[in-house]
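Peer 1: Dropping in coords23.pdb, which is PDB, C-alpha atoms:
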MODEL        1
ATOM      1  CA  MET A   1      -8.790 -13.934 -21.430
ATOM      2  CA  LYS A   2     -10.074 -10.377 -21.024
ATOM      3  CA  LYS A   3      -7.713  -8.044 -19.136
ATOM      4  CA  VAL A   4      -8.572  -6.213 -15.923
ATOM      5  CA  ILE A   5      -8.593  -2.778 -17.535
ATOM      6  CA  ASP A   6     -11.037  -4.033 -20.181
ATOM      7  CA  HIS A   7     -13.327  -5.542 -17.541
ATOM      8  CA  ILE A   8     -13.394  -2.200 -15.734
ATOM      9  CA  LYS A   9     -13.984  -0.098 -18.831
ATOM     10  CA  GLU A  10     -16.728  -2.372 -20.161
ATOM     11  CA  SER A  11     -18.595  -2.943 -16.898
ATOM     12  CA  LYS A  12     -21.947  -1.153 -16.819
ATOM     13  CA  SER A  13     -21.937  -1.104 -13.018
ATOM     14  CA  THR A  14     -19.395  -1.226 -10.207
ATOM     15  CA  ALA A  15     -17.291  -4.337 -10.743
ATOM     16  CA  PHE A  16     -16.531  -6.850  -7.990
ATOM     17  CA  SER A  17     -13.091  -8.342  -7.391
ATOM     18  CA  PHE A  18     -11.179  -9.807  -4.491
ATOM     19  CA  GLU A  19      -7.751 -10.853  -3.313
ATOM     20  CA  ILE A  20      -6.761 -14.246  -1.930
ATOM     21  CA  LEU A  21      -3.804 -15.396   0.131
ATOM     22  CA  PRO A  22      -2.059 -18.628  -0.926
ATOM     23  CA  PRO A  23      -2.421 -21.265   1.807
ATOM     24  CA  LEU A  24       0.476 -22.260   4.013
ATOM     25  CA  LYS A  25       2.555 -25.160   2.742
ATOM     26  CA  GLY A  26       1.034 -28.499   3.579
ATOM     27  CA  ASN A  27      -2.387 -27.313   2.391
ATOM     28  CA  ASN A  28      -3.648 -27.839  -1.136
ATOM     29  CA  ILE A  29      -5.494 -25.844  -3.773
ATOM     30  CA  ASN A  30      -8.875 -26.793  -2.315
ATOM     31  CA  ARG A  31      -8.439 -23.980   0.224
ATOM     32  CA  ILE A  32      -8.405 -21.537  -2.690
ATOM     33  CA  TYR A  33     -11.346 -23.230  -4.411
ATOM     34  CA  HIS A  34     -13.414 -22.922  -1.229
ATOM     35  CA  ILE A  35     -12.972 -19.131  -1.151
ATOM     36  CA  ILE A  36     -13.662 -18.700  -4.863
ATOM     37  CA  ASP A  37     -16.730 -20.953  -4.760
ATOM     38  CA  LYS A  38     -18.155 -18.866  -1.925
ATOM     39  CA  LEU A  39     -17.693 -15.578  -3.812
ATOM     40  CA  ARG A  40     -18.200 -16.673  -7.421
ATOM     41  CA  GLU A  41     -21.948 -15.957  -7.361
ATOM     42  CA  PHE A  42     -21.177 -12.215  -7.310
ATOM     43  CA  ASN A  43     -19.506 -12.410 -10.725
ATOM     44  CA  PRO A  44     -15.937 -11.392  -9.853
ATOM     45  CA  LYS A  45     -14.269  -9.782 -12.845
ATOM     46  CA  TYR A  46     -10.815 -10.748 -11.621
ATOM     47  CA  ILE A  47      -9.083 -12.369  -8.670
ATOM     48  CA  ASN A  48      -5.761 -11.221  -7.202
ATOM     49  CA  ILE A  49      -3.257 -13.661  -5.707
ATOM     50  CA  THR A  50      -0.748 -12.325  -3.192
ATOM     51  CA  SER A  51       2.924 -13.207  -3.486
ATOM     52  CA  HIS A  52       5.248 -14.019  -0.590
ATOM     53  CA  HIS A  53       9.005 -14.299  -0.495
ATOM     54  CA  SER A  54      10.842 -16.947   1.474
ATOM     55  CA  GLU A  55      12.208 -16.124   4.913
ATOM     56  CA  TYR A  56      15.562 -16.682   6.531
ATOM     57  CA  ILE A  57      15.345 -18.168  10.007
ATOM     58  CA  ASP A  58      18.086 -19.124  12.445
ATOM     59  CA  ILE A  59      18.038 -22.685  13.786
ATOM     60  CA  GLU A  60      20.108 -23.668  16.789
ATOM     61  CA  GLU A  61      21.862 -27.019  16.322
ATOM     62  CA  PRO A  62      22.404 -29.513  19.195
ATOM     63  CA  ASP A  63      26.015 -28.394  19.501
ATOM     64  CA  GLY A  64      24.952 -24.764  19.997
ATOM     65  CA  THR A  65      25.897 -23.508  16.539
ATOM     66  CA  ILE A  66      23.419 -21.414  14.575
ATOM     67  CA  ARG A  67      22.397 -22.445  11.078
ATOM     68  CA  ARG A  68      20.523 -19.997   8.837
ATOM     69  CA  VAL A  69      18.001 -21.614   6.496
ATOM     70  CA  ASN A  70      15.718 -20.186   3.836
ATOM     71  CA  ILE A  71      12.082 -21.228   4.362
ATOM     72  CA  ARG A  72       9.259 -20.788   1.874
ATOM     73  CA  ARG A  73       5.958 -20.859   3.704
ATOM     74  CA  ARG A  74       3.449 -20.490   0.847
ATOM     75  CA  PRO A  75       3.212 -21.671  -2.770
ATOM     76  CA  GLY A  76       3.931 -19.148  -5.501
ATOM     77  CA  SER A  77       1.281 -17.068  -7.223
ATOM     78  CA  VAL A  78       2.243 -18.222 -10.747
ATOM     79  CA  ALA A  79       0.809 -21.730 -10.412
ATOM     80  CA  ILE A  80      -2.260 -20.526  -8.509
ATOM     81  CA  ALA A  81      -3.065 -17.838 -11.099
ATOM     82  CA  SER A  82      -2.856 -20.317 -13.957
ATOM     83  CA  THR A  83      -5.009 -22.827 -12.097
ATOM     84  CA  ILE A  84      -7.716 -20.237 -11.360
ATOM     85  CA  GLN A  85      -7.917 -19.114 -14.980
ATOM     86  CA  ASN A  86      -8.118 -22.639 -16.298
ATOM     87  CA  LYS A  87     -10.660 -23.906 -13.765
ATOM     88  CA  TYR A  88     -12.958 -20.884 -13.494
ATOM     89  CA  GLY A  89     -12.335 -18.820 -16.620
ATOM     90  CA  ILE A  90     -11.852 -15.754 -14.404
ATOM     91  CA  THR A  91      -9.000 -13.331 -15.032
ATOM     92  CA  ALA A  92      -6.264 -13.982 -12.465
ATOM     93  CA  VAL A  93      -3.884 -11.256 -11.289
ATOM     94  CA  PRO A  94      -0.763 -12.530  -9.534
ATOM     95  CA  HIS A  95       1.122 -10.028  -7.425
ATOM     96  CA  VAL A  96       4.716  -9.516  -8.519
ATOM     97  CA  ILE A  97       6.889  -8.021  -5.795
ATOM     98  CA  CYS A  98      10.475  -6.884  -5.912
ATOM     99  CA  LYS A  99      11.447  -7.302  -2.257
ATOM    100  CA  GLY A 100      12.747 -10.787  -1.583
ATOM    101  CA  PHE A 101      12.929 -11.828  -5.236
ATOM    102  CA  THR A 102      15.954 -11.273  -7.434
ATOM    103  CA  LYS A 103      15.610  -9.600 -10.821
ATOM    104  CA  GLU A 104      16.400 -12.967 -12.388
ATOM    105  CA  GLU A 105      13.686 -14.751 -10.393
ATOM    106  CA  THR A 106      11.256 -12.082 -11.548
ATOM    107  CA  GLU A 107      12.204 -12.690 -15.170
ATOM    108  CA  TYR A 108      11.622 -16.435 -14.727
ATOM    109  CA  ALA A 109       8.171 -15.668 -13.265
ATOM    110  CA  LEU A 110       7.320 -13.399 -16.206
ATOM    111  CA  ILE A 111       8.413 -16.074 -18.671
ATOM    112  CA  ASP A 112       6.255 -18.686 -16.918
ATOM    113  CA  LEU A 113       3.215 -16.398 -16.697
ATOM    114  CA  ASN A 114       3.482 -15.426 -20.347
ATOM    115  CA  PHE A 115       3.765 -19.080 -21.333
ATOM    116  CA  LEU A 116       0.709 -19.972 -19.248
ATOM    117  CA  GLY A 117      -1.419 -17.188 -20.697
ATOM    118  CA  VAL A 118      -1.633 -15.080 -17.527
ATOM    119  CA  TYR A 119      -1.262 -11.520 -18.793
ATOM    120  CA  ASP A 120      -2.402  -9.377 -15.866
ATOM    121  CA  LEU A 121      -0.169  -8.378 -12.958
ATOM    122  CA  LEU A 122      -0.203  -6.197  -9.879
ATOM    123  CA  LEU A 123       3.270  -4.725  -9.359
ATOM    124  CA  LEU A 124       4.274  -3.988  -5.770
ATOM    125  CA  ARG A 125       7.378  -3.293  -3.790
ATOM    126  CA  GLY A 126       6.405  -5.778  -1.077
ATOM    127  CA  ASP A 127       7.667  -6.232   2.454
ATOM    128  CA  GLU A 128      11.351  -6.152   3.219
ATOM    129  CA  LYS A 129      13.193  -9.432   3.396
ATOM    130  CA  LYS A 130      16.143  -9.739   5.734
ATOM    131  CA  LEU A 131      19.055 -10.864   3.599
ATOM    132  CA  PRO A 132      22.278 -12.484   4.751
ATOM    133  CA  GLY A 133      25.026  -9.978   5.450
ATOM    134  CA  ASN A 134      26.999 -11.100   2.413
ATOM    135  CA  ALA A 135      24.031 -10.869   0.006
ATOM    136  CA  ASP A 136      24.554  -8.890  -3.200
ATOM    137  CA  LYS A 137      21.794  -6.283  -2.963
ATOM    138  CA  SER A 138      22.318  -5.238  -6.580
ATOM    139  CA  LEU A 139      20.521  -8.449  -7.565
ATOM    140  CA  TYR A 140      17.277  -7.017  -6.190
ATOM    141  CA  HIS A 141      15.045  -4.122  -7.146
ATOM    142  CA  ASN A 142      14.632  -1.433  -4.499
ATOM    143  CA  TYR A 143      11.353   0.079  -5.642
ATOM    144  CA  ALA A 144       8.205  -0.825  -7.548
ATOM    145  CA  ALA A 145       9.304   1.674 -10.227
ATOM    146  CA  ASP A 146      12.374  -0.499 -10.915
ATOM    147  CA  LEU A 147      10.149  -3.573 -11.195
ATOM    148  CA  GLN A 148       7.858  -1.631 -13.523
ATOM    149  CA  LYS A 149      10.778  -0.895 -15.853
ATOM    150  CA  GLN A 150      11.691  -4.582 -15.989
ATOM    151  CA  VAL A 151       8.126  -5.528 -16.942
ATOM    152  CA  ASN A 152       8.026  -2.753 -19.550
ATOM    153  CA  ASP A 153      11.278  -4.040 -21.042
ATOM    154  CA  PHE A 154       9.914  -7.592 -21.045
ATOM    155  CA  ASN A 155       6.844  -6.365 -22.931
ATOM    156  CA  LYS A 156       9.207  -4.893 -25.541
ATOM    157  CA  GLY A 157      11.058  -8.211 -25.871
ATOM    158  CA  ILE A 158      14.130  -7.072 -23.941
ATOM    159  CA  ALA A 159      15.575  -9.588 -21.484
ATOM    160  CA  LEU A 160      17.215  -8.719 -18.194
ATOM    161  CA  ASP A 161      20.679  -9.034 -19.749
ATOM    162  CA  GLY A 162      19.698  -6.635 -22.527
ATOM    163  CA  SER A 163      19.360  -9.295 -25.216
ATOM    164  CA  ALA A 164      16.297  -9.401 -27.468
ATOM    165  CA  PHE A 165      13.800 -12.235 -27.590
ATOM    166  CA  GLU A 166      10.611 -12.925 -29.534
ATOM    167  CA  GLY A 167       7.200 -14.325 -28.717
ATOM    168  CA  ILE A 168       5.556 -11.629 -26.579
ATOM    169  CA  ASP A 169       2.346 -11.677 -28.604
ATOM    170  CA  THR A 170       0.320 -10.440 -25.625
ATOM    171  CA  PRO A 171       2.149  -7.944 -23.423
ATOM    172  CA  PHE A 172       1.431  -7.785 -19.714
ATOM    173  CA  SER A 173      -1.138  -5.300 -18.485
ATOM    174  CA  TYR A 174      -0.681  -4.239 -14.896
ATOM    175  CA  GLY A 175      -1.944  -2.167 -12.031
ATOM    176  CA  MET A 176       0.020  -0.650  -9.169
ATOM    177  CA  ALA A 177      -0.683   0.511  -5.621
ATOM    178  CA  CYS A 178      -1.590   3.953  -4.330
ATOM    179  CA  TYR A 179      -2.122   5.337  -0.846
ATOM    180  CA  PRO A 180      -5.031   7.698  -0.058
ATOM    181  CA  GLU A 181      -3.662   8.185   3.475
ATOM    182  CA  LYS A 182       0.031   8.451   2.504
ATOM    183  CA  HIS A 183       2.567   5.663   2.330
ATOM    184  CA  GLU A 184       4.352   5.203   5.642
ATOM    185  CA  GLU A 185       7.704   6.180   4.097
ATOM    186  CA  ALA A 186       6.439   9.143   2.083
ATOM    187  CA  PRO A 187       7.601  12.503   3.504
ATOM    188  CA  ASN A 188       4.253  14.136   2.671
ATOM    189  CA  PRO A 189       0.999  13.527   0.750
ATOM    190  CA  GLU A 190       2.260  15.517  -2.246
ATOM    191  CA  SER A 191       5.096  13.048  -2.630
ATOM    192  CA  ASP A 192       2.582  10.196  -2.795
ATOM    193  CA  ILE A 193       0.708  12.002  -5.555
ATOM    194  CA  PHE A 194       3.956  12.497  -7.475
ATOM    195  CA  TYR A 195       4.918   8.820  -7.376
ATOM    196  CA  ALA A 196       1.396   7.652  -8.212
ATOM    197  CA  LYS A 197       1.493   9.925 -11.279
ATOM    198  CA  GLU A 198       4.864   8.466 -12.263
ATOM    199  CA  LYS A 199       3.472   4.938 -12.103
ATOM    200  CA  VAL A 200       0.695   5.876 -14.500
ATOM    201  CA  LYS A 201       2.984   7.862 -16.791
ATOM    202  CA  ASN A 202       5.251   4.827 -17.077
ATOM    203  CA  GLY A 203       2.515   2.378 -17.988
ATOM    204  CA  ALA A 204       0.215   1.388 -15.098
ATOM    205  CA  ASP A 205      -3.279   0.809 -16.528
ATOM    206  CA  TYR A 206      -4.977   1.410 -13.192
ATOM    207  CA  LEU A 207      -4.240   1.991  -9.510
ATOM    208  CA  VAL A 208      -5.666   0.124  -6.535
ATOM    209  CA  THR A 209      -5.624   1.682  -3.080
ATOM    210  CA  GLN A 210      -4.384   0.485   0.240
ATOM    211  CA  MET A 211      -7.343  -0.369   2.478
ATOM    212  CA  PHE A 212      -9.185   2.599   3.973
ATOM    213  CA  PHE A 213     -12.202   3.015   6.225
ATOM    214  CA  ASP A 214     -12.998   6.684   5.592
ATOM    215  CA  ASN A 215     -14.376   7.274   2.102
ATOM    216  CA  SER A 216     -13.641  10.995   2.284
ATOM    217  CA  LYS A 217      -9.917  10.195   2.203
ATOM    218  CA  TYR A 218     -10.390   8.219  -1.012
ATOM    219  CA  TYR A 219     -12.500  10.913  -2.659
ATOM    220  CA  ALA A 220      -9.952  13.600  -1.762
ATOM    221  CA  PHE A 221      -7.113  11.500  -3.162
ATOM    222  CA  VAL A 222      -8.968  10.832  -6.426
ATOM    223  CA  GLU A 223      -9.794  14.520  -6.777
ATOM    224  CA  LYS A 224      -6.113  15.437  -6.396
ATOM    225  CA  MET A 225      -5.083  12.820  -8.941
ATOM    226  CA  ARG A 226      -7.654  14.050 -11.454
ATOM    227  CA  ALA A 227      -6.461  17.609 -10.921
ATOM    228  CA  GLU A 228      -2.991  16.372 -11.847
ATOM    229  CA  GLY A 229      -4.309  14.947 -15.097
ATOM    230  CA  VAL A 230      -4.408  11.273 -14.062
ATOM    231  CA  THR A 231      -7.374   9.615 -15.759
ATOM    232  CA  VAL A 232      -6.849   5.869 -15.146
ATOM    233  CA  PRO A 233      -9.277   4.009 -12.861
ATOM    234  CA  ILE A 234      -8.422   4.329  -9.161
ATOM    235  CA  ILE A 235      -9.942   1.268  -7.533
ATOM    236  CA  PRO A 236     -10.844   1.405  -3.834
ATOM    237  CA  GLY A 237      -9.434  -1.449  -1.780
ATOM    238  CA  ILE A 238     -11.795  -2.439   1.039
ATOM    239  CA  LYS A 239     -11.387  -4.749   4.032
ATOM    240  CA  PRO A 240     -14.086  -5.514   6.596
ATOM    241  CA  ILE A 241     -12.884  -5.604  10.176
ATOM    242  CA  VAL A 242     -13.371  -9.051  11.731
ATOM    243  CA  LEU A 243     -11.412  -8.907  15.024
ATOM    244  CA  MET A 244     -11.505  -6.565  18.012
ATOM    245  CA  ASN A 245      -7.740  -6.048  17.975
ATOM    246  CA  GLN A 246      -7.861  -4.710  14.412
ATOM    247  CA  LEU A 247      -8.986  -1.404  15.899
ATOM    248  CA  THR A 248      -5.350  -0.821  16.854
ATOM    249  CA  ALA A 249      -3.544  -3.351  14.656
ATOM    250  CA  LEU A 250      -4.681  -2.108  11.230
ATOM    251  CA  PRO A 251      -3.672   1.539  11.753
ATOM    252  CA  LYS A 252      -0.293   0.362  13.029
ATOM    253  CA  ILE A 253       0.392  -2.116  10.205
ATOM    254  CA  PHE A 254      -1.258  -0.393   7.232
ATOM    255  CA  ARG A 255      -1.418   3.246   8.371
ATOM    256  CA  SER A 256      -5.166   3.209   7.732
ATOM    257  CA  GLU A 257      -7.055   5.548  10.019
ATOM    258  CA  ILE A 258     -10.143   4.217  11.791
ATOM    259  CA  PRO A 259     -12.900   6.887  11.828
ATOM    260  CA  GLU A 260     -14.111   7.726  15.327
ATOM    261  CA  ALA A 261     -17.657   6.549  14.563
ATOM    262  CA  LEU A 262     -16.314   3.087  13.687
ATOM    263  CA  ALA A 263     -13.840   3.115  16.585
ATOM    264  CA  THR A 264     -16.634   3.923  19.026
ATOM    265  CA  GLU A 265     -18.677   0.908  17.917
ATOM    266  CA  LEU A 266     -15.651  -1.394  18.012
ATOM    267  CA  ARG A 267     -14.770  -0.307  21.550
ATOM    268  CA  LYS A 268     -18.214  -1.497  22.650
ATOM    269  CA  CYS A 269     -17.531  -5.024  21.396
ATOM    270  CA  LYS A 270     -16.889  -7.786  23.917
ATOM    271  CA  THR A 271     -16.152 -10.540  21.409
ATOM    272  CA  ASP A 272     -14.686 -10.936  17.936
ATOM    273  CA  ASP A 273     -18.112 -12.002  16.685
ATOM    274  CA  GLU A 274     -19.503  -8.637  17.747
ATOM    275  CA  ALA A 275     -16.581  -6.864  16.054
ATOM    276  CA  LYS A 276     -17.257  -8.858  12.902
ATOM    277  CA  GLU A 277     -20.875  -7.637  12.836
ATOM    278  CA  VAL A 278     -19.725  -4.042  13.242
ATOM    279  CA  GLY A 279     -17.235  -4.556  10.441
ATOM    280  CA  VAL A 280     -19.868  -5.925   8.072
ATOM    281  CA  GLU A 281     -22.326  -3.102   8.745
ATOM    282  CA  TRP A 282     -19.662  -0.416   8.351
ATOM    283  CA  CYS A 283     -18.384  -1.958   5.142
ATOM    284  CA  ILE A 284     -21.870  -2.227   3.637
ATOM    285  CA  GLY A 285     -22.401   1.474   4.237
ATOM    286  CA  GLN A 286     -18.961   2.289   2.918
ATOM    287  CA  CYS A 287     -19.513   0.294  -0.283
ATOM    288  CA  LYS A 288     -22.997   1.670  -0.924
ATOM    289  CA  ASP A 289     -21.571   5.176  -0.707
ATOM    290  CA  LEU A 290     -18.711   4.295  -3.069
ATOM    291  CA  ILE A 291     -21.181   2.881  -5.594
ATOM    292  CA  LEU A 292     -23.320   6.033  -5.364
ATOM    293  CA  HIS A 293     -20.173   7.976  -6.211
ATOM    294  CA  GLY A 294     -19.698   5.852  -9.318
ATOM    295  CA  VAL A 295     -16.482   4.006  -8.499
ATOM    296  CA  PRO A 296     -15.493   1.693 -11.368
ATOM    297  CA  SER A 297     -14.802  -1.312  -9.159
ATOM    298  CA  ILE A 298     -14.499  -2.349  -5.520
ATOM    299  CA  HIS A 299     -11.631  -4.650  -4.620
ATOM    300  CA  PHE A 300     -11.984  -6.687  -1.411
ATOM    301  CA  TYR A 301      -9.143  -7.914   0.782
ATOM    302  CA  THR A 302     -10.472 -11.249   2.028
ATOM    303  CA  LEU A 303      -7.808 -12.342   4.539
ATOM    304  CA  MET A 304      -9.795 -13.840   7.452
ATOM    305  CA  ALA A 305     -12.862 -12.100   6.005
ATOM    306  CA  THR A 306     -14.344 -14.333   3.282
ATOM    307  CA  ASP A 307     -17.644 -14.781   5.113
ATOM    308  CA  SER A 308     -17.922 -11.061   5.752
ATOM    309  CA  VAL A 309     -17.157 -10.203   2.124
ATOM    310  CA  SER A 310     -19.846 -12.672   1.016
ATOM    311  CA  ARG A 311     -22.436 -11.019   3.263
ATOM    312  CA  ILE A 312     -21.435  -7.538   2.086
ATOM    313  CA  ALA A 313     -21.541  -8.535  -1.565
ATOM    314  CA  LYS A 314     -25.075  -9.935  -1.089
ATOM    315  CA  GLU A 315     -26.177  -6.465   0.018
ATOM    316  CA  ILE A 316     -24.518  -4.405  -2.690
ATOM    317  CA  TYR A 317     -24.352  -6.604  -5.825
TER     318      TYR A 317
ENDMDL
END
Take the structure in the file and write it out as structure tokens.

Peer 2:
Amino acid sequence: MKKVIDHIKESKSTAFSFEILPPLKGNNINRIYHIIDKLREFNPKYINITSHHSEYIDIEEPDGTIRRVNIRRRPGSVAIASTIQNKYGITAVPHVICKGFTKEETEYALIDLNFLGVYDLLLLRGDEKKLPGNADKSLYHNYAADLQKQVNDFNKGIALDGSAFEGIDTPFSYGMACYPEKHEEAPNPESDIFYAKEKVKNGADYLVTQMFFDNSKYYAFVEKMRAEGVTVPIIPGIKPIVLMNQLTALPKIFRSEIPEALATELRKCKTDDEAKEVGVEWCIGQCKDLILHGVPSIHFYTLMATDSVSRIAKEIY
């Protein structure tokens, strides 16, 4: 199976890719097939699968005592990635996150993925998971850079306990995240540039951005990275707005600024259907501009937006 970085380098035009969310437990793989079947006509070079840790919730028993249980709400990305590759012959890219998964659980996932022939990853820190008060936090990675080191060691045949093992005929290739509008915890934009450079220096084959709605922010970020000597592909991550409340929700959750021209149109909307139309039109213009600027690939975040992504792709691919 061709790797993501090879797809990007060999593509004669802007490549198309998208990200899918595993369905909630109780649903089957057909939910995933439905999304892929709708978008397959646009020749996706690869498909990302998000990863989600389990959650601790407190349940009150009949006698008033509180019992904490660990709930897993979605299936893991390992099985889904393997299924996609085998059914569709499309490169699958499972997300590997360090928050909520122990270092040992990560090693098990890497072993399974390697065995199944899934050799592309997206390495992310992920959302925080509330751990029990007595949890040993040393069992977990704190940052994506720590996760990156573990994957690099695995590629060299070095296990988590430091022992050597054989059989890594095809090492993992991976991308990592970057933030054109600054990560919410970064003290300043320069710090974001520094850490993005470190990711590349330590082995990331490409970077994919957090969603943005103002292309000028992406272009400025890429220009700064190139000035710092970073030459790997920097893939724009794009999400069409589909709900009225995303005007305020997306900047709050993802720290992605909504340009005033887009905000003005969204404020006129009376229904989510109207907001969806605005989102499609804005995204088409955004993507056409990105293609004119020669971006290597456009990566779509499809959560609640599969229909919109399909309409956008029809216009630009």

Peer 1: Padding of 6 Å on every side, edges along x, y and z, all listed atoms of range 283-302 of chain A included: what centre and edge lengths in Å, to one decimal, does that box have, as lines of an AutoDock Vina configuration file?

Peer 2:
center_x = -16.2
center_y = -1.6
center_z = -3.1
size_x = 26.2
size_y = 31.2
size_z = 28.5

Peer 1: Evaluating the PyMOL selection byres ((chain A and resi 236) around 12) on the displayed file yields which residues, as an MDAnalysis selection string?

Peer 2: chainID A and resid 14:18 177:180 206:219 221:222 233:235 237:239 286:287 289:291 293:301

Peer 1: Please report the interatomic distance between CA of Ala164 in chain A and CA of Ala145 in chain A in Å with one decimal.

Peer 2: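 For CA of Ala164 in chain A relative to CA of Ala145 in chain A, the distance reads 21.7 Å.
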
Peer 1: Could you check which of A:Leu123, A:Ile35, A:Val118, A:Ala313 is closest to Cys98 in chain A, using all atoms listed in the file?

Peer 2: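 Nearest candidate to Cys98 in chain A out of A:Leu123, A:Ile35, A:Val118, A:Ala313: A:Leu123.
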
Peer 1: Go through A:Leu250, A:Ile90, A:Leu122, A:Val280 and flag the residue nearest Asp205 in chain A, using all atoms listed in the file for the distances.

Peer 2: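 Of all the options, A:Leu122 lies closest to Asp205 in chain A.
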
Peer 1: Can you spell out as a list in words the set of residues that the PyMOL selection byres ((chain A and resi 247) around 9) selects in the structure I just provided?

Peer 2: Ile241, Leu243, Met244, Asn245, Gln246, Thr248, Ala249, Leu250, Pro251, Ile258, Leu262, Ala263, Leu266 and Arg267 of chain A

Peer 1: Would you translate the PyMOL selection byres ((chain A and resi 97) around 6) into the concrete set of residues it matches in this file, as a PyMOL selection string?

Peer 2: chain A and resi 96+98-99+124-126

Peer 1: Take the residues from that selection and write them out as a PDB file, in the coordinates of the input, keeping C-alpha atoms.

Peer 2:
ATOM      1  CA  VAL A  96       4.716  -9.516  -8.519  1.00  0.00           C
ATOM      2  CA  CYS A  98      10.475  -6.884  -5.912  1.00  0.00           C
ATOM      3  CA  LYS A  99      11.447  -7.302  -2.257  1.00  0.00           C
ATOM      4  CA  LEU A 124       4.274  -3.988  -5.770  1.00  0.00           C
ATOM      5  CA  ARG A 125       7.378  -3.293  -3.790  1.00  0.00           C
ATOM      6  CA  GLY A 126       6.405  -5.778  -1.077  1.00  0.00           C
TER       7      GLY A 126
END

Peer 1: What's the separation between CA of Glu105 in chain A and CA of Leu160 in chain A, in Å to one decimal place?

Peer 2: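 According to the coordinates, CA of Glu105 in chain A and CA of Leu160 in chain A are separated by 10.5 Å.
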
Peer 1: Would you compute the distance between CA of Glu41 in chain A and CA of Val78 in chain A? Give it in Å to one decimal.

Peer 2: 24.5 Å

Peer 1: Which residue is closest to Phe254 in chain A? Choose from A:Glu274, A:Ala109, A:Glu181, A:Asn48 and count all atoms listed in the file.

Peer 2: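 Closest candidate: A:Glu181.
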
Peer 1: Give me the residues of range 103-179 of chain A that have any atom at most 9 Å from an atom of range 80-86 of chain A; for each, the nearest atom pair and the distance in Å, rounded to one decimal. Use only C-alpha atoms, sort by chain and number, and format it as JSON lines.

Peer 2:
{"residue": "A:Leu113", "atom": "CA", "partner": "A:Ser82", "partner_atom": "CA", "distance": 7.7}
{"residue": "A:Leu116", "atom": "CA", "partner": "A:Ser82", "partner_atom": "CA", "distance": 6.4}
{"residue": "A:Gly117", "atom": "CA", "partner": "A:Ser82", "partner_atom": "CA", "distance": 7.6}
{"residue": "A:Val118", "atom": "CA", "partner": "A:Ser82", "partner_atom": "CA", "distance": 6.5}

Peer 1: So that I have them on file, write out the residues from the current selection with C-alpha atoms, as an mmCIF file, keeping the file's coordinate frame.

Peer 2:
data_model
loop_
_atom_site.group_PDB
_atom_site.id
_atom_site.type_symbol
_atom_site.label_atom_id
_atom_site.label_comp_id
_atom_site.auth_asym_id
_atom_site.auth_seq_id
_atom_site.Cartn_x
_atom_site.Cartn_y
_atom_site.Cartn_z
ATOM 1 C CA LEU A 113 3.215 -16.398 -16.697
ATOM 2 C CA LEU A 116 0.709 -19.972 -19.248
ATOM 3 C CA GLY A 117 -1.419 -17.188 -20.697
ATOM 4 C CA VAL A 118 -1.633 -15.080 -17.527
#

Peer 1: Would you mind telling me which residue in A:Ile20, A:Cys283, A:Ala196, A:Met176 lies nearest to Met225 in chain A when using all atoms listed in the file?

Peer 2: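 The answer is A:Ala196, which sits nearest to Met225 in chain A.
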
Peer 1: If we count only C-alpha atoms, what is near Glu107 in chain A at a cut-off of 9 Å, once residues fewer than 2 positions away on the same chain are taken out, given as a list in words?

Peer 2: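 Once the adjacent positions are removed, what remains is Thr102, Lys103, Glu104, Glu105, Ala109, Leu110, Ile111, Asp112, Gln150, Val151, Phe154, Ala159 and Leu160 of chain A.
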
Peer 1: Need the shell around Ile36 in chain A: protein/DNA/RNA residues with any atom at most 10 Å away, counting only C-alpha atoms. Skip same-chain ones fewer than 3 positions apart. Format as JSON, numbers by chain?

Peer 2: {"A": [18, 19, 20, 30, 31, 32, 33, 39, 40, 41, 44, 47, 84, 88, 306]}

Peer 1: Which residue is closest to Tyr143 in chain A? Choose from A:Lys201, A:Tyr195, A:Thr264, A:Val230 and count all atoms listed in the file.

Peer 2: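 That would be A:Tyr195, the residue with the smallest distance to Tyr143 in chain A.
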
Peer 1: Which residue is closest to Asp120 in chain A? Choose from A:Gly175, A:Gly76, A:Gly229, A:Gly162 and count only C-alpha atoms.

Peer 2: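 That would be A:Gly175, the residue with the smallest distance to Asp120 in chain A.
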
Peer 1: Would you mind exporting range 291-295 of chain A with N, CA, C and O atoms, as a PDB file, in the first residue's frame?

Peer 2:
ATOM      1  N   ILE A 291      -6.101  25.763  -4.189  1.00  0.00           N
ATOM      2  CA  ILE A 291      -5.610  25.037  -5.361  1.00  0.00           C
ATOM      3  C   ILE A 291      -4.817  25.963  -6.277  1.00  0.00           C
ATOM      4  O   ILE A 291      -3.768  25.599  -6.810  1.00  0.00           O
ATOM      5  N   LEU A 292      -5.310  27.205  -6.450  1.00  0.00           N
ATOM      6  CA  LEU A 292      -4.579  28.181  -7.262  1.00  0.00           C
ATOM      7  C   LEU A 292      -3.195  28.465  -6.683  1.00  0.00           C
ATOM      8  O   LEU A 292      -2.254  28.764  -7.424  1.00  0.00           O
ATOM      9  N   HIS A 293      -3.088  28.343  -5.371  1.00  0.00           N
ATOM     10  CA  HIS A 293      -1.803  28.563  -4.705  1.00  0.00           C
ATOM     11  C   HIS A 293      -0.947  27.295  -4.663  1.00  0.00           C
ATOM     12  O   HIS A 293       0.122  27.294  -4.047  1.00  0.00           O
ATOM     13  N   GLY A 294      -1.438  26.233  -5.298  1.00  0.00           N
ATOM     14  CA  GLY A 294      -0.621  25.038  -5.462  1.00  0.00           C
ATOM     15  C   GLY A 294      -0.453  24.171  -4.234  1.00  0.00           C
ATOM     16  O   GLY A 294       0.571  23.497  -4.100  1.00  0.00           O
ATOM     17  N   VAL A 295      -1.451  24.136  -3.345  1.00  0.00           N
ATOM     18  CA  VAL A 295      -1.309  23.276  -2.170  1.00  0.00           C
ATOM     19  C   VAL A 295      -1.232  21.816  -2.609  1.00  0.00           C
ATOM     20  O   VAL A 295      -1.872  21.413  -3.589  1.00  0.00           O
TER      21      VAL A 295
END
